[in-house]
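Written below as structure tokens is the structure these notes are about.
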Amino acid sequence: METKTPESAAQNNPELEHIELLAVKANPKNVLWCLYGAWALICIGFDYDAGIIVLGVTEFRKDFGEPIAGGDYAINAAWQSAFSGGPTASACVATLAVGFISDRFGRKLTIMGGLLLTFIGASLQLAATDVQMFFGGKLINGVALGFLLTSVLTWLSEISPLAIRGVMTGLCNLAFCLGPFVCTCIENSLSSRTDRWAYRGIFLAQLGFGFTAFIVAPFMPESPWWLAQHGKVDAAKRALQRLGHGEASAEKHLADIRITQEAAKHETEGASYLECFKGTNLRRTIIAMMPLSIQCLSGVPWIASYSTYYFELAGLSSKRAWDISVGAQVLSIAGNFAAFILVDRFGRRRLLLWGFGFLAALLMVTGGLGTMTTNHGAVLGTIALMSLYNFVFNCALGPVAYTVAAETPTGRLRTKTVSLAYISSSAISTMWLFVLPYIVNPNQGNLGAKTGFIFGAASVICWVYLFFYQPETAGRNFEEIDELFHKKVPARQFRQFKTDVELKGEVAVGEKLTAMAD
């Protein structure tokens, strides 16, 4: 088997020369549109945390809850479950539908539809005066999440410059960190109010993000991959030019897109969900789904939903626990920026293995410290490690999972494969929503920080999967990725394998050098 060196890959693929900063400087319009995509997702990041945060606001419980002993108010348990489970269910249904909608009407119209829905959903939550209306708003926002996550991630992967494709698709994870962070800061500044604006400010801010994204959406360029797939060649060329390509560059990229799409037809008969599980597409679907599913097996549901609760059980005051939780969110954002530096330099596979291995060790140590419940230093250690988790997770598995989900599928099935990846992740996350209270709560399993053992053990198993089955796709264009899967190259040989694209490049360079010598 022929192999290649990283140096030869960089020489034979001109796009790889635009490394990080150079790629940004060379493609400013393209990068700005990618940042717009991330902005569009921030409003969905709001809704992730808003439903949880408002439950702790006294005025919200007064308006939508029932009086309980002691003069306080509480939201009915059934409605609490509905607030978390309803949007997840509607997002899954919408994600399945968007696989057809996006392929039929395009990424642009689907994104516009998602933004319109989040505007409607946030407006209902803002204006709600009863729990049914509030729940209706959350259901609609769940549909918006299904529309936006799938279509924006697909669009980003199809417009991003190859050299920074990992950074641009990883912006999805950053958006999901920024939304909750801004949401938390807004609520902290308003929580002392004694009227409905103690919680309505969150949804007003969500409207602001959604509205600004919506008014820009009509001007966004359609995916040139979708346009070419539907025979709109001239429109695809214009879209590439709007993304910053010159005449010659647009012609070359369009030719590459059409060659890749034509070659993929031999492996993919149609564009149905069933095709995702046929031939080499089955392997690609599994690889695309696993990192997002592994996120939910690596402790995210526990850390995201129960860390503040654990801090208070550990003896910290509510304000101190909140301060640490905000600090953990800042670490999440910092981890994303670290990933932007690493994901295209070190590759997806290497970053996943090293980052996830460290994460598994961190969870095991957290569980070990959790056994020393009477040792104050050990308790503080668990708090520190649970906070550090946010940085490590978002430095590797968080953003890379979205990158793998977006760039692994073949173009004809990309949206549908991303939809399946999100649904599998949501299914596992929903399972933990029901199971974790019985593991963590003091009147149930009362494992506390020892829960780290459960997720640590699951992480070790997942790491073994990643070692044997996760291929390296960094620096590969979609034509090369298609070829690697068509030739059934083993996962651990993706990085070294020399594709036909590279061989042709070597021949062309050799012929040019020979002509110059003559």
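Following the order of the structure tokens, first chain is A, next is B, and so on, with residues numbered from 1 inside each chain and ligands from 1 in the order they appear.
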List the spatial neighbours of A:Gln125 as an MDAnalysis selection string - criterion: any atom at most 7 Å away, only C-alpha atoms, same-chain residues fewer than 6 positions off excluded. chainID A and resid 134 137 203
Could you pull out the alpha helix (DSSP H) residues of stretch 227-472 of chain A, going by DSSP on the backbone, and write them as a ChimeraX atom specification? /A:227-229,233-242,247-264,279-297,300-313,318-346,348-370,376-395,397-407,414-440,451-469
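Among the candidates A:Asp130, A:Glu59, A:Glu247, A:Glu479, the residue lying nearest to A:Asp195 is A:Glu59 (atoms considered: only C-alpha atoms).
The nearest approach to A:Asp344 among the residues A:Ala94, A:Ala163, A:Ala314, A:Val143, with only C-alpha atoms taken into account, belongs to A:Ala163.
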Mind checking which residues fall within 10 Å of A:His253, counting only C-alpha atoms, ignoring those fewer than 3 positions away in the same chain, and posting them as a ChimeraX atom specification? /A:224,236-237,240,245,248-250,256-259
Across A:Ala338, A:Ile159, A:Val326, A:Cys395, the smallest distance to A:Met220, with only C-alpha atoms counted, is shown by A:Ile159
Considering only C-alpha atoms, state which residue in the set A:Thr410, A:Phe497, A:Ile164, A:Ser419 is at the smallest distance from A:Leu342.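 The shortest atom-to-atom distance to A:Leu342 comes from A:Ile164.
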